[in-house]
Amino acid sequence: MTVTMGSAINLVVLGPPGAGKGTQGVEFARGHGIPQISTGDILRDAVRSGSELGRRARATMEAGRLVDDELMIAIVRERLDREDVAGGFVLDGFPRTVAQAVALDEIMTGRPPLIVIDIAVPDDALVARLARRRVCGACGQATSVDLSPESRCGRCGGELVLRSDDTESVVRERLRVYADATRPLVDYYSQRPSFRAVDGDRSPAEVGAALAAAVDAVLAERAAGRAPAGESRA
Ligand SMILES: [Zn+2]
């Protein structure tokens, strides 16, 4: 696909924990030559930079509290004002709440509209997937029991362990928290022409292809239906 002026891909990827949206976002960004912006990374950057926002974020995290919407929005706004997002970006981990989504719409005023892709995976499939996940106790490499049946790390030979937060009860609780907090985001976005849901209960390569196809479909539709400047496609 040719990226032309005005067709910046401003992509938000939604999906429950374990759906692989981080990996998919990184792959998509690399393939399209645009930055992948994860809120974890920009928070760390802000703290390291020692900026006013970074100092506030550090104080909040050191107090063991979650960075609130207002501060998170300010940090994302600052990141999206940098020049490297002119050709587009992939946002990972933001927005997490409807309040953040409303603020993001405001930040996007005057820019190519967001494309929002929801990677949908049934809870039972996520629980089964995470139950097969193992992490190397020595080097931290993640793998699946399907790939390492001898329960040794393929990279360093270390012992593979089940992370305590990958046990079924913890995973189900995490999914419930996700459903409560983040599901309303899908409702917020789902009526837009630039929203698509893709089936995430497939191999990472298949999900990546479906994600790319969904973005292309939105761009094609946008190009075909482009109205005079000023049209508002909420
Ligand atoms: Zn290892």
# chains A, B, ... in the order shown; residues from 1 in each chain; ligands from 1

call {"tool": "select_by_dssp", "arguments": {"residues": "stretch 36-224 of chain A", "states": "helix (DSSP H, G or I)", "output": "VMD selection string"}}
result
chain A and resid 39 to 49 52 to 62 69 to 80 83 to 85 98 to 107 123 to 131 164 to 166 168 to 189 204 to 224

call {"tool": "residues_near_ligand", "arguments": {"ligand": "ligand 1", "cutoff": "10 Å", "atoms": "only C-alpha atoms and all ligand atoms", "output": "list of chain:residue names"}}
result
A:Val135, A:Cys136, A:Gly137, A:Ala138, A:Cys139, A:Gly140, A:Gln141, A:Ala142, A:Thr143, A:Arg152, A:Cys153, A:Gly154, A:Arg155, A:Cys156, A:Gly157, A:Gly158, A:Glu159, A:Leu160

call {"tool": "closest_residue", "arguments": {"among": "A:Ala63, A:Glu150, A:Val161, A:Ile119", "to": "A:Gly22", "atoms": "only C-alpha atoms"}}
result
A:Ile119

call {"tool": "residues_around", "arguments": {"residues": "A:Arg176", "least_positions_apart": "6", "cutoff": "12 Å", "atoms": "only C-alpha atoms", "output": "PyMOL selection string"}}
result
chain A and resi 16-17+123+127+169-170+182-183

call {"tool": "write_last_selection", "arguments": {"atoms": "C-alpha atoms", "output": "PDB file, in the first residue's frame"}}
result
ATOM      1  CA  PRO A  16      -7.944  -7.786  26.109  1.00  0.00           C
ATOM      2  CA  PRO A  17      -4.751  -8.759  27.935  1.00  0.00           C
ATOM      3  CA  ASP A 123     -12.239 -15.308  27.314  1.00  0.00           C
ATOM      4  CA  VAL A 127      -7.380 -18.399  29.479  1.00  0.00           C
ATOM      5  CA  SER A 169      -8.199 -17.354  38.478  1.00  0.00           C
ATOM      6  CA  VAL A 170      -5.861 -14.385  38.062  1.00  0.00           C
ATOM      7  CA  THR A 182     -12.145  -0.970  28.733  1.00  0.00           C
ATOM      8  CA  ARG A 183     -15.188  -2.589  27.133  1.00  0.00           C
TER       9      ARG A 183
END

call {"tool": "closest_residue", "arguments": {"among": "A:Val171, A:Leu43, A:Ile117, A:Tyr189", "to": "A:Val218", "atoms": "only C-alpha atoms"}}
result
A:Ile117

call {"tool": "closest_residue", "arguments": {"among": "A:Val116, A:Leu185, A:Leu130, A:Leu219", "to": "A:Val102", "atoms": "only C-alpha atoms"}}
result
A:Leu185

call {"tool": "residues_around", "arguments": {"residues": "A:Ala99", "least_positions_apart": "4", "cutoff": "12 Å", "atoms": "only C-alpha atoms", "output": "PyMOL selection string"}}
result
chain A and resi 68-70+72-73+94-95+103-106+181-182+184-185+188
